[in-house]
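Student: Contents are PDB, C-alpha atoms and all ligand atoms; file name target_11.pdb:
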```pdb
ATOM      1  CA  MET Q   1      85.873  86.032 117.798
ATOM      2  CA  ASP Q   2      83.694  83.001 117.178
ATOM      3  CA  TRP Q   3      82.155  83.854 113.789
ATOM      4  CA  ASN Q   4      79.471  81.177 113.965
ATOM      5  CA  ARG Q   5      75.928  82.691 113.953
ATOM      6  CA  THR Q   6      77.288  86.231 113.617
ATOM      7  CA  THR Q   7      76.296  88.722 110.921
ATOM      8  CA  SER Q   8      79.090  90.452 108.971
ATOM      9  CA  LEU Q   9      78.544  93.461 106.749
ATOM     10  CA  ILE Q  10      81.203  93.626 104.029
ATOM     11  CA  THR Q  11      81.470  96.666 101.770
ATOM     12  CA  GLY Q  12      83.081  96.189  98.373
ATOM     13  CA  ALA Q  13      82.138  92.495  98.459
ATOM     14  CA  SER Q  14      81.746  92.148  94.687
ATOM     15  CA  SER Q  15      85.458  91.606  94.033
ATOM     16  CA  GLY Q  16      88.993  91.269  95.380
ATOM     17  CA  ILE Q  17      89.669  91.462  99.108
ATOM     18  CA  GLY Q  18      85.998  92.061 100.051
ATOM     19  CA  LEU Q  19      84.888  89.004  98.081
ATOM     20  CA  GLU Q  20      87.522  86.899  99.852
ATOM     21  CA  PHE Q  21      86.375  88.207 103.250
ATOM     22  CA  ALA Q  22      82.851  87.124 102.304
ATOM     23  CA  ARG Q  23      84.011  83.617 101.389
ATOM     24  CA  GLU Q  24      86.098  83.209 104.533
ATOM     25  CA  LEU Q  25      83.563  84.588 107.015
ATOM     26  CA  ALA Q  26      80.695  82.659 105.428
ATOM     27  CA  ALA Q  27      82.780  79.470 105.695
ATOM     28  CA  ARG Q  28      83.191  80.200 109.408
ATOM     29  CA  GLY Q  29      79.408  80.350 109.868
ATOM     30  CA  SER Q  30      78.800  84.096 109.637
ATOM     31  CA  ARG Q  31      75.803  85.396 107.712
ATOM     32  CA  VAL Q  32      77.296  87.880 105.277
ATOM     33  CA  VAL Q  33      75.678  91.114 104.155
ATOM     34  CA  LEU Q  34      77.174  91.932 100.757
ATOM     35  CA  VAL Q  35      77.353  95.578  99.696
ATOM     36  CA  ALA Q  36      78.747  97.063  96.446
ATOM     37  CA  ARG Q  37      77.328  98.647  93.295
ATOM     38  CA  ASP Q  38      77.362  95.597  90.997
ATOM     39  CA  GLU Q  39      74.240  93.622  91.918
ATOM     40  CA  THR Q  40      74.916  90.827  89.400
ATOM     41  CA  LYS Q  41      78.314  90.075  90.932
ATOM     42  CA  LEU Q  42      76.898  90.181  94.478
ATOM     43  CA  ARG Q  43      74.075  87.779  93.567
ATOM     44  CA  SER Q  44      76.474  85.375  91.894
ATOM     45  CA  LEU Q  45      78.707  85.423  94.997
ATOM     46  CA  ALA Q  46      75.647  84.848  97.209
ATOM     47  CA  ALA Q  47      74.683  81.821  95.068
ATOM     48  CA  GLU Q  48      78.241  80.457  95.299
ATOM     49  CA  LEU Q  49      78.203  80.778  99.097
ATOM     50  CA  VAL Q  50      74.797  79.107  99.445
ATOM     51  CA  ALA Q  51      75.998  76.244  97.232
ATOM     52  CA  GLN Q  52      78.843  75.775  99.705
ATOM     53  CA  GLY Q  53      76.422  75.544 102.618
ATOM     54  CA  ALA Q  54      76.584  79.109 103.923
ATOM     55  CA  VAL Q  55      73.698  80.840 105.667
ATOM     56  CA  GLU Q  56      71.693  82.753 103.001
ATOM     57  CA  PRO Q  57      73.636  86.003 102.383
ATOM     58  CA  VAL Q  58      71.906  89.371 102.199
ATOM     59  CA  VAL Q  59      72.599  91.375  99.042
ATOM     60  CA  ILE Q  60      72.359  95.159  99.216
ATOM     61  CA  PRO Q  61      73.459  96.916  96.012
ATOM     62  CA  MET Q  62      74.500 100.450  96.878
ATOM     63  CA  ASP Q  63      76.818 103.236  95.765
ATOM     64  CA  LEU Q  64      78.553 104.188  99.013
ATOM     65  CA  SER Q  65      80.165 107.265  97.503
ATOM     66  CA  ARG Q  66      76.744 108.964  97.646
ATOM     67  CA  GLU Q  67      76.350 110.890 100.864
ATOM     68  CA  GLU Q  68      72.820 109.645 101.522
ATOM     69  CA  SER Q  69      73.867 105.968 101.198
ATOM     70  CA  ILE Q  70      75.329 105.664 104.682
ATOM     71  CA  ALA Q  71      72.091 106.351 106.555
ATOM     72  CA  ALA Q  72      70.169 104.438 103.861
ATOM     73  CA  LEU Q  73      72.291 101.328 104.432
ATOM     74  CA  LYS Q  74      71.702 101.488 108.195
ATOM     75  CA  ARG Q  75      67.960 101.904 107.607
ATOM     76  CA  GLU Q  76      68.017  98.909 105.270
ATOM     77  CA  THR Q  77      69.826  96.610 107.729
ATOM     78  CA  ASP Q  78      67.522  97.764 110.554
ATOM     79  CA  ALA Q  79      64.439  97.163 108.399
ATOM     80  CA  ARG Q  80      65.663  93.609 107.786
ATOM     81  CA  ASP Q  81      66.303  93.181 111.516
ATOM     82  CA  LEU Q  82      70.001  92.508 110.958
ATOM     83  CA  ARG Q  83      72.249  92.895 113.996
ATOM     84  CA  ILE Q  84      75.662  93.711 112.580
ATOM     85  CA  ASP Q  85      78.374  91.964 114.626
ATOM     86  CA  ALA Q  86      81.213  92.702 112.204
ATOM     87  CA  LEU Q  87      81.776  95.613 109.856
ATOM     88  CA  ILE Q  88      84.405  95.102 107.167
ATOM     89  CA  ASN Q  89      84.897  98.583 105.726
ATOM     90  CA  ASN Q  90      86.606  97.488 102.541
ATOM     91  CA  ALA Q  91      85.125  99.386  99.554
ATOM     92  CA  GLY Q  92      87.694 101.752  98.116
ATOM     93  CA  PHE Q  93      89.492 102.823  94.964
ATOM     94  CA  SER Q  94      92.269 105.060  93.733
ATOM     95  CA  ASN Q  95      92.613 107.407  90.834
ATOM     96  CA  HIS Q  96      95.937 108.143  89.165
ATOM     97  CA  GLY Q  97      97.527 111.340  87.927
ATOM     98  CA  ALA Q  98      98.763 114.731  89.032
ATOM     99  CA  ILE Q  99      96.462 116.640  91.389
ATOM    100  CA  ALA Q 100      96.202 119.475  88.853
ATOM    101  CA  GLU Q 101      94.880 117.070  86.222
ATOM    102  CA  ILE Q 102      92.487 114.743  88.057
ATOM    103  CA  PRO Q 103      88.850 115.802  87.528
ATOM    104  CA  SER Q 104      87.643 117.456  90.705
ATOM    105  CA  GLU Q 105      84.559 115.207  90.901
ATOM    106  CA  ASP Q 106      86.747 112.047  90.743
ATOM    107  CA  GLN Q 107      88.818 113.336  93.646
ATOM    108  CA  SER Q 108      85.661 114.147  95.644
ATOM    109  CA  ARG Q 109      84.142 110.723  94.910
ATOM    110  CA  LEU Q 110      87.311 109.063  96.208
ATOM    111  CA  ILE Q 111      87.211 111.053  99.439
ATOM    112  CA  ARG Q 112      83.482 110.350  99.890
ATOM    113  CA  LEU Q 113      84.014 106.593  99.520
ATOM    114  CA  ASN Q 114      87.409 105.974 101.133
ATOM    115  CA  VAL Q 115      86.992 108.464 103.988
ATOM    116  CA  LEU Q 116      83.388 109.555 104.564
ATOM    117  CA  ALA Q 117      81.687 106.204 103.921
ATOM    118  CA  MET Q 118      84.227 104.371 106.096
ATOM    119  CA  ALA Q 119      83.833 106.789 109.033
ATOM    120  CA  GLY Q 120      80.076 107.150 108.474
ATOM    121  CA  LEU Q 121      79.500 103.402 108.683
ATOM    122  CA  VAL Q 122      81.614 103.139 111.831
ATOM    123  CA  ARG Q 123      79.483 105.880 113.365
ATOM    124  CA  GLU Q 124      76.264 104.063 112.371
ATOM    125  CA  TYR Q 125      77.148 100.579 113.611
ATOM    126  CA  LEU Q 126      79.541 101.167 116.545
ATOM    127  CA  PRO Q 127      76.947 102.259 119.175
ATOM    128  CA  GLY Q 128      75.004  98.979 118.739
ATOM    129  CA  MET Q 129      78.202  96.961 119.088
ATOM    130  CA  ILE Q 130      79.181  98.819 122.271
ATOM    131  CA  GLU Q 131      75.670  98.308 123.666
ATOM    132  CA  ARG Q 132      75.892  94.561 123.014
ATOM    133  CA  HIS Q 133      79.529  94.396 124.287
ATOM    134  CA  ARG Q 134      80.469  92.586 121.110
ATOM    135  CA  GLY Q 135      81.679  93.569 117.675
ATOM    136  CA  THR Q 136      84.483  93.660 115.143
ATOM    137  CA  ILE Q 137      85.471  96.502 112.855
ATOM    138  CA  VAL Q 138      88.097  96.092 110.146
ATOM    139  CA  ASN Q 139      88.980  99.206 108.164
ATOM    140  CA  LEU Q 140      91.006  98.860 104.974
ATOM    141  CA  GLY Q 141      94.078 101.023 105.010
ATOM    142  CA  SER Q 142      97.070 100.361 102.789
ATOM    143  CA  ILE Q 143     100.833 100.462 102.836
ATOM    144  CA  VAL Q 144     100.338 104.050 101.650
ATOM    145  CA  SER Q 145      98.593 104.826 104.953
ATOM    146  CA  PHE Q 146     102.150 105.372 106.227
ATOM    147  CA  HIS Q 147     103.431 107.829 103.628
ATOM    148  CA  PRO Q 148     102.307 110.225 100.862
ATOM    149  CA  LEU Q 149     102.315 109.074  97.251
ATOM    150  CA  PRO Q 150     102.757 111.457  94.307
ATOM    151  CA  THR Q 151     100.265 110.702  91.454
ATOM    152  CA  GLN Q 152      97.958 108.974  93.967
ATOM    153  CA  ALA Q 153      97.898 111.844  96.449
ATOM    154  CA  ALA Q 154      94.209 111.767  97.427
ATOM    155  CA  TYR Q 155      94.300 107.981  97.736
ATOM    156  CA  ALA Q 156      97.339 107.984 100.069
ATOM    157  CA  ALA Q 157      95.822 110.809 102.114
ATOM    158  CA  SER Q 158      92.522 108.918 102.381
ATOM    159  CA  LYS Q 159      94.334 105.828 103.642
ATOM    160  CA  ALA Q 160      96.325 107.929 106.140
ATOM    161  CA  PHE Q 161      92.941 109.097 107.446
ATOM    162  CA  VAL Q 162      91.760 105.480 107.726
ATOM    163  CA  LEU Q 163      94.847 104.526 109.739
ATOM    164  CA  SER Q 164      94.687 107.491 112.102
ATOM    165  CA  TYR Q 165      90.921 107.161 112.635
ATOM    166  CA  THR Q 166      91.124 103.418 113.222
ATOM    167  CA  GLU Q 167      93.974 103.629 115.708
ATOM    168  CA  SER Q 168      92.035 106.212 117.742
ATOM    169  CA  LEU Q 169      88.983 103.965 117.549
ATOM    170  CA  TRP Q 170      91.070 100.987 118.732
ATOM    171  CA  GLN Q 171      92.007 102.881 121.887
ATOM    172  CA  GLU Q 172      88.512 104.320 122.442
ATOM    173  CA  THR Q 173      86.939 100.858 122.324
ATOM    174  CA  ARG Q 174      89.293  99.190 124.828
ATOM    175  CA  GLY Q 175      87.188  97.292 127.357
ATOM    176  CA  THR Q 176      83.939  97.646 125.379
ATOM    177  CA  GLY Q 177      84.017  94.197 123.777
ATOM    178  CA  VAL Q 178      84.530  95.728 120.329
ATOM    179  CA  GLU Q 179      87.687  94.755 118.454
ATOM    180  CA  VAL Q 180      89.131  97.085 115.855
ATOM    181  CA  LEU Q 181      91.786  96.558 113.207
ATOM    182  CA  ALA Q 182      93.453  98.711 110.554
ATOM    183  CA  LEU Q 183      94.325  96.269 107.768
ATOM    184  CA  CYS Q 184      97.062  97.554 105.461
ATOM    185  CA  PRO Q 185      97.708  95.483 102.342
ATOM    186  CA  GLY Q 186     100.416  96.135  99.796
ATOM    187  CA  VAL Q 187     100.113  95.352  96.092
ATOM    188  CA  THR Q 188      97.425  92.652  95.863
ATOM    189  CA  SER Q 189      96.017  90.957  92.752
ATOM    190  CA  THR Q 190      92.472  92.354  92.494
ATOM    191  CA  ASP Q 191      90.516  94.633  90.152
ATOM    192  CA  PHE Q 192      92.031  97.628  91.955
ATOM    193  CA  TYR Q 193      94.572  98.252  89.169
ATOM    194  CA  LYS Q 194      91.967  97.722  86.436
ATOM    195  CA  THR Q 195      89.948 100.540  88.031
ATOM    196  CA  LEU Q 196      93.134 102.599  88.214
ATOM    197  CA  GLY Q 197      93.680 101.960  84.491
ATOM    198  CA  LYS Q 198      97.242 100.768  85.106
ATOM    199  CA  GLU Q 199      99.170  97.545  85.304
ATOM    200  CA  VAL Q 200     101.574  97.312  88.202
ATOM    201  CA  ILE Q 201     104.897  95.587  87.572
ATOM    202  CA  LEU Q 202     105.592  94.468  91.139
ATOM    203  CA  PRO Q 203     105.014  91.059  92.726
ATOM    204  CA  LYS Q 204     101.473  90.801  94.090
ATOM    205  CA  ARG Q 205     100.008  89.080  97.099
ATOM    206  CA  THR Q 206      96.608  87.406  96.902
ATOM    207  CA  PRO Q 207      93.331  88.547  98.496
ATOM    208  CA  ARG Q 208      93.316  85.289 100.449
ATOM    209  CA  MET Q 209      96.723  86.106 102.009
ATOM    210  CA  VAL Q 210      95.371  89.516 103.052
ATOM    211  CA  VAL Q 211      92.281  88.021 104.689
ATOM    212  CA  VAL Q 212      94.300  85.356 106.531
ATOM    213  CA  THR Q 213      96.612  88.113 107.812
ATOM    214  CA  ALA Q 214      93.577  90.092 109.045
ATOM    215  CA  LEU Q 215      91.962  87.176 110.843
ATOM    216  CA  ARG Q 216      95.245  86.263 112.554
ATOM    217  CA  ALA Q 217      95.747  89.884 113.622
ATOM    218  CA  LEU Q 218      92.238  89.990 115.113
ATOM    219  CA  GLU Q 219      93.010  86.852 117.106
ATOM    220  CA  SER Q 220      96.070  88.530 118.635
ATOM    221  CA  ASP Q 221      94.277  91.859 119.286
ATOM    222  CA  LYS Q 222      96.528  93.875 116.985
ATOM    223  CA  MET Q 223      95.628  97.514 116.320
ATOM    224  CA  THR Q 224      97.229  97.632 112.871
ATOM    225  CA  VAL Q 225      98.610  94.993 110.568
ATOM    226  CA  VAL Q 226     100.523  95.231 107.300
ATOM    227  CA  ASP Q 227     100.070  92.210 105.038
ATOM    228  CA  GLY Q 228     103.456  90.656 104.211
ATOM    229  CA  TRP Q 229     106.782  91.283 105.915
ATOM    230  CA  LEU Q 230     108.354  93.000 102.900
ATOM    231  CA  ASN Q 231     105.386  95.398 102.717
ATOM    232  CA  ALA Q 232     105.789  96.120 106.441
ATOM    233  CA  LEU Q 233     109.477  96.822 105.990
ATOM    234  CA  GLN Q 234     109.042  99.208 103.070
ATOM    235  CA  SER Q 235     105.980 101.066 104.334
ATOM    236  CA  ARG Q 236     106.209 101.149 108.109
ATOM    237  CA  TRP Q 237     109.917 101.246 108.774
ATOM    238  CA  PHE Q 238     111.702 102.643 105.712
ATOM    239  CA  PRO Q 239     109.880 106.051 105.710
ATOM    240  CA  ARG Q 240     110.925 106.508 109.342
ATOM    241  CA  ILE Q 241     114.632 106.221 108.700
ATOM    242  CA  VAL Q 242     114.849 108.334 105.539
ATOM    243  CA  ALA Q 243     114.495 112.149 105.513
ATOM    244  CA  ARG Q 244     111.010 113.124 104.275
ATOM    245  CA  ARG Q 245     112.194 115.149 101.250
ATOM    246  CA  MET Q 246     114.492 112.330 100.187
ATOM    247  CA  PHE Q 247     111.679 109.812 100.632
ATOM    248  CA  MET Q 248     109.341 111.904  98.466
ATOM    249  CA  ARG Q 249     111.951 112.166  95.690
ATOM    250  CA  LEU Q 250     112.392 108.396  95.771
ATOM    251  CA  ALA Q 251     108.615 107.847  95.817
ATOM    252  CA  GLY Q 252     108.214 110.149  92.795
ATOM    253  CA  ALA Q 253     110.905 108.256  90.873
ATOM    254  CA  ILE Q 254     109.484 104.830  91.779
ATOM    255  CA  MET Q 255     105.909 105.828  90.865
ATOM    256  CA  GLY Q 256     107.153 106.808  87.405
ATOM    257  CA  ARG Q 257     108.407 103.242  86.846
ATOM    258  CA  MET Q 258     105.937 101.142  88.789
ATOM    259  CA  TYR Q 259     103.048 101.132  86.293
ATOM    260  CA  ARG Q 260     102.691 100.097  82.660
TER
HETATM  261  N1  LIG Q 301      94.658  95.716  95.633
HETATM  262  C1  LIG Q 301      95.601  96.393  96.260
HETATM  263  O1  LIG Q 301      96.782  96.386  95.846
HETATM  264  C2  LIG Q 301      95.287  97.158  97.537
HETATM  265  C3  LIG Q 301      96.360  97.601  98.324
HETATM  266  C4  LIG Q 301      96.102  98.294  99.500
HETATM  267  C5  LIG Q 301      94.787  98.545  99.873
HETATM  268  N2  LIG Q 301      93.765  98.122  99.092
HETATM  269  C6  LIG Q 301      92.387  98.439  99.526
HETATM  270  O2  LIG Q 301      91.630  97.256  99.612
HETATM  271  C7  LIG Q 301      90.246  97.571  99.449
HETATM  272  C8  LIG Q 301      89.623  96.593  98.471
HETATM  273  O3  LIG Q 301      90.178  96.800  97.185
HETATM  274  P1  LIG Q 301      90.523  95.600  96.198
HETATM  275  O4  LIG Q 301      91.995  95.569  96.029
HETATM  276  O5  LIG Q 301      89.835  94.362  96.598
HETATM  277  O6  LIG Q 301      89.944  96.219  94.838
HETATM  278  P2  LIG Q 301      88.712  95.803  93.918
HETATM  279  O7  LIG Q 301      88.844  94.382  93.486
HETATM  280  O8  LIG Q 301      88.634  96.857  92.870
HETATM  281  O9  LIG Q 301      87.460  95.924  94.907
HETATM  282  C9  LIG Q 301      86.903  97.147  95.278
HETATM  283  C10 LIG Q 301      85.515  96.906  95.800
HETATM  284  O10 LIG Q 301      84.946  98.170  96.185
HETATM  285  C11 LIG Q 301      83.660  98.291  95.582
HETATM  286  N3  LIG Q 301      83.341  99.678  95.332
HETATM  287  C12 LIG Q 301      84.021 100.564  94.546
HETATM  288  N4  LIG Q 301      83.375 101.720  94.491
HETATM  289  C13 LIG Q 301      82.252 101.582  95.259
HETATM  290  C14 LIG Q 301      81.173 102.430  95.590
HETATM  291  N5  LIG Q 301      81.107 103.682  95.125
HETATM  292  N6  LIG Q 301      80.197 101.968  96.403
HETATM  293  C15 LIG Q 301      80.248 100.697  96.868
HETATM  294  N7  LIG Q 301      81.241  99.837  96.595
HETATM  295  C16 LIG Q 301      82.231 100.282  95.791
HETATM  296  C17 LIG Q 301      83.772  97.494  94.286
HETATM  297  O11 LIG Q 301      82.505  97.021  93.858
HETATM  298  P3  LIG Q 301      81.554  97.699  92.752
HETATM  299  O12 LIG Q 301      82.428  98.130  91.615
HETATM  300  O13 LIG Q 301      80.610  96.567  92.417
HETATM  301  O14 LIG Q 301      80.874  98.817  93.442
HETATM  302  C18 LIG Q 301      84.596  96.302  94.748
HETATM  303  O15 LIG Q 301      83.775  95.336  95.332
HETATM  304  C19 LIG Q 301      90.196  99.034  99.017
HETATM  305  O16 LIG Q 301      89.849  99.840 100.122
HETATM  306  C20 LIG Q 301      91.621  99.320  98.570
HETATM  307  O17 LIG Q 301      91.953 100.674  98.719
HETATM  308  C21 LIG Q 301      93.974  97.434  97.935
END
```
Could you rewrite the structure in this file as structure tokens?
Ligand SMILES: NC(=O)c1ccc[n+]([C@@H]2O[C@H](COP(=O)([O-])OP(=O)(O)OC[C@H]3O[C@@H](n4cnc5c(N)ncnc54)[C@H](OP(=O)(O)O)[C@@H]3O)[C@@H](O)[C@H]2O)c1

Tutor:
Amino acid sequence: MDWNRTTSLITGASSGIGLEFARELAARGSRVVLVARDETKLRSLAAELVAQGAVEPVVIPMDLSREESIAALKRETDARDLRIDALINNAGFSNHGAIAEIPSEDQSRLIRLNVLAMAGLVREYLPGMIERHRGTIVNLGSIVSFHPLPTQAAYAASKAFVLSYTESLWQETRGTGVEVLALCPGVTSTDFYKTLGKEVILPKRTPRMVVVTALRALESDKMTVVDGWLNALQSRWFPRIVARRMFMRLAGAIMGRMYR
């Protein structure tokens, strides 16, 4: 995809991987539409990008975990006459704890953001892309898209949904001019763990590495990509060779030691 003169809508652009997508796509000549809840952070990113010579970004502060936000965002981009060429469905978070203990509303909010907002935005923007025979959709999965994760059960299940949905979408859009990618990072140094309220004691990759991996994967028409070979080994291949019950016992033991 030649990003020059395109328009890219990036959810969760106020920090981490989404922010890095914004920097990279803006540097390639794409006009970026920045969506997240924190308007101050979005405006400061927009100013940074303009200072670097980017096309004036569009800032749309919005809480995507609210059901009505999906249609509202589409109305807003239509009202501003924005033709969305690329949708980077990146906003997401995890909570931590046993299912029996996590407040029900926190679990619902996670599912509304990680699952319903992701699929809702695809449904809003895909028809226009198909009509124009041009478009890119990147959905943020995770290494936990490939296996369950005790103490982050809803999160892992939400990312399994993202992977399954995106791979179906990849096949459905063959020959339409729309490219689709499930991007699955492993532990990456962002605010993700601050939101989780935990510190992870594993080596981290950077948001920039994740974005470079995604852009390379798009160039080679991959359906799914895991960022980092070690992440690919442990998430994609290891769960396939170990019995499920054994894997879950190991996952439970590792999760007990992985966070401070
Ligand atoms: N970091 C990792 O280790 C890792 C690993 C695998 C997958 N991922 C995935 O990568 C994606 C990006 O996460 P990150 O690591 O970059 O974490 P991050 O730094 O915490 O960024 C999350 C982004 O999502 C936005 N967001 C959160 N709740 C939102 C809401 N209700 N409405 C709109 N925007 C919302 C946040 O902005 P506001 O707070 O301003 O709304 C922020 O911009 C997520 O889907 C995550 O699941 C991360």

Student: Residues contacting ligand LIG 301 (chain Q) - anything with an atom at most 8 Å away, using all atoms listed in the file - can you give me those as number ranges by chain?

Tutor: Q: 11-19, 35-39, 41-42, 61-66, 89-94, 109, 113-114, 140-144, 155, 159, 184-195, 204, 207

Student: Could you expand the PyMOL selection byres (((chain Q and resi 163) around 9) and not hetatm) into the explicit residues it covers here, written as an MDAnalysis selection string?

Tutor: chainID Q and resid 139:142 145:146 158:162 164:168 182:184 224

Student: Any chance you could resolve the PyMOL selection byres (((chain Q and resi 177) around 8) and not hetatm) against this file and give the residues as a list in words?

Tutor: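 Expected selection for the PyMOL selection byres (((chain Q and resi 177) around 8) and not hetatm) here is Met129, Ile130, His133, Arg134, Gly135, Thr173, Arg174, Gly175, Thr176, Val178 and Glu179 of chain Q.
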
Student: Taking the file as shown, what set of residues would the PyMOL selection byres (((chain Q and resi 126) around 12) and not hetatm) give back, as an MDAnalysis selection string?

Tutor: chainID Q and resid 74 83:87 118:125 127:138 169:170 172:173 176:180

Student: For Ala253 in chain Q, which residue among Q:Ser108, Q:Glu48, Q:Arg5, Q:Leu149 is the nearest when counting all atoms listed in the file?

Tutor: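 Smallest distance to Ala253 in chain Q is found for Q:Leu149.
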
Student: For a test of reading the model, state the distance in Å between CA of Leu25 in chain Q and CA of Asp227 in chain Q, rounded to one decimal.

Tutor: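 Distance between the two atoms: 18.3 Å.
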
Student: Please provide as a list in words all residues within 8 Å of Val33 in chain Q, with the sequence filter that same-chain residues fewer than 5 positions apart are discarded (counting only C-alpha atoms).

Tutor: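 Here the qualifying residues turn out to be Thr7, Ser8, Leu9, Ile10, Pro57, Val58, Val59 and Ile60 of chain Q.
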
Student: Between CA of Trp3 in chain Q and CA of Arg23 in chain Q, what is the distance in Å, rounded to a tenth?

Tutor: 12.5 Å

Student: Since the input lacks atoms, please generate N, CA and C atoms for range 206-226 of chain Q and provide them as a PDB file, in the coordinates of the input.

Tutor:
```pdb
ATOM      1  N   THR Q 206      97.976  87.759  97.292  1.00  0.00           N
ATOM      2  CA  THR Q 206      96.608  87.406  96.902  1.00  0.00           C
ATOM      3  C   THR Q 206      95.619  87.924  97.942  1.00  0.00           C
ATOM      4  N   PRO Q 207      94.351  88.129  97.528  1.00  0.00           N
ATOM      5  CA  PRO Q 207      93.331  88.547  98.496  1.00  0.00           C
ATOM      6  C   PRO Q 207      93.231  87.571  99.671  1.00  0.00           C
ATOM      7  N   ARG Q 208      93.419  86.288  99.377  1.00  0.00           N
ATOM      8  CA  ARG Q 208      93.316  85.289 100.449  1.00  0.00           C
ATOM      9  C   ARG Q 208      94.392  85.526 101.511  1.00  0.00           C
ATOM     10  N   MET Q 209      95.629  85.818 101.057  1.00  0.00           N
ATOM     11  CA  MET Q 209      96.723  86.106 102.009  1.00  0.00           C
ATOM     12  C   MET Q 209      96.348  87.280 102.907  1.00  0.00           C
ATOM     13  N   VAL Q 210      95.738  88.303 102.295  1.00  0.00           N
ATOM     14  CA  VAL Q 210      95.371  89.516 103.052  1.00  0.00           C
ATOM     15  C   VAL Q 210      94.336  89.174 104.123  1.00  0.00           C
ATOM     16  N   VAL Q 211      93.351  88.361 103.742  1.00  0.00           N
ATOM     17  CA  VAL Q 211      92.281  88.021 104.689  1.00  0.00           C
ATOM     18  C   VAL Q 211      92.821  87.141 105.828  1.00  0.00           C
ATOM     19  N   VAL Q 212      93.693  86.207 105.493  1.00  0.00           N
ATOM     20  CA  VAL Q 212      94.300  85.356 106.531  1.00  0.00           C
ATOM     21  C   VAL Q 212      95.094  86.231 107.505  1.00  0.00           C
ATOM     22  N   THR Q 213      95.851  87.181 106.963  1.00  0.00           N
ATOM     23  CA  THR Q 213      96.612  88.113 107.812  1.00  0.00           C
ATOM     24  C   THR Q 213      95.671  88.858 108.759  1.00  0.00           C
ATOM     25  N   ALA Q 214      94.531  89.323 108.230  1.00  0.00           N
ATOM     26  CA  ALA Q 214      93.577  90.092 109.045  1.00  0.00           C
ATOM     27  C   ALA Q 214      93.005  89.229 110.167  1.00  0.00           C
ATOM     28  N   LEU Q 215      92.613  88.017 109.831  1.00  0.00           N
ATOM     29  CA  LEU Q 215      91.962  87.176 110.843  1.00  0.00           C
ATOM     30  C   LEU Q 215      92.960  86.781 111.939  1.00  0.00           C
ATOM     31  N   ARG Q 216      94.201  86.556 111.546  1.00  0.00           N
ATOM     32  CA  ARG Q 216      95.245  86.263 112.554  1.00  0.00           C
ATOM     33  C   ARG Q 216      95.464  87.478 113.450  1.00  0.00           C
ATOM     34  N   ALA Q 217      95.506  88.655 112.846  1.00  0.00           N
ATOM     35  CA  ALA Q 217      95.747  89.884 113.622  1.00  0.00           C
ATOM     36  C   ALA Q 217      94.610  90.120 114.617  1.00  0.00           C
ATOM     37  N   LEU Q 218      93.376  89.820 114.201  1.00  0.00           N
ATOM     38  CA  LEU Q 218      92.238  89.990 115.113  1.00  0.00           C
ATOM     39  C   LEU Q 218      92.379  89.051 116.302  1.00  0.00           C
ATOM     40  N   GLU Q 219      92.846  87.818 116.022  1.00  0.00           N
ATOM     41  CA  GLU Q 219      93.010  86.852 117.106  1.00  0.00           C
ATOM     42  C   GLU Q 219      94.029  87.342 118.132  1.00  0.00           C
ATOM     43  N   SER Q 220      95.059  88.084 117.672  1.00  0.00           N
ATOM     44  CA  SER Q 220      96.070  88.530 118.635  1.00  0.00           C
ATOM     45  C   SER Q 220      95.869  90.005 119.034  1.00  0.00           C
ATOM     46  N   ASP Q 221      94.654  90.525 118.803  1.00  0.00           N
ATOM     47  CA  ASP Q 221      94.277  91.859 119.286  1.00  0.00           C
ATOM     48  C   ASP Q 221      95.213  92.961 118.781  1.00  0.00           C
ATOM     49  N   LYS Q 222      95.661  92.816 117.528  1.00  0.00           N
ATOM     50  CA  LYS Q 222      96.528  93.875 116.985  1.00  0.00           C
ATOM     51  C   LYS Q 222      95.690  95.094 116.632  1.00  0.00           C
ATOM     52  N   MET Q 223      96.300  96.266 116.682  1.00  0.00           N
ATOM     53  CA  MET Q 223      95.628  97.514 116.320  1.00  0.00           C
ATOM     54  C   MET Q 223      95.737  97.729 114.800  1.00  0.00           C
ATOM     55  N   THR Q 224      96.923  97.404 114.287  1.00  0.00           N
ATOM     56  CA  THR Q 224      97.229  97.632 112.871  1.00  0.00           C
ATOM     57  C   THR Q 224      98.049  96.459 112.362  1.00  0.00           C
ATOM     58  N   VAL Q 225      97.759  96.028 111.141  1.00  0.00           N
ATOM     59  CA  VAL Q 225      98.610  94.993 110.568  1.00  0.00           C
ATOM     60  C   VAL Q 225      98.886  95.313 109.100  1.00  0.00           C
ATOM     61  N   VAL Q 226     100.138  95.123 108.713  1.00  0.00           N
ATOM     62  CA  VAL Q 226     100.523  95.231 107.300  1.00  0.00           C
ATOM     63  C   VAL Q 226     100.619  93.808 106.769  1.00  0.00           C
TER      64      VAL Q 226
END
```
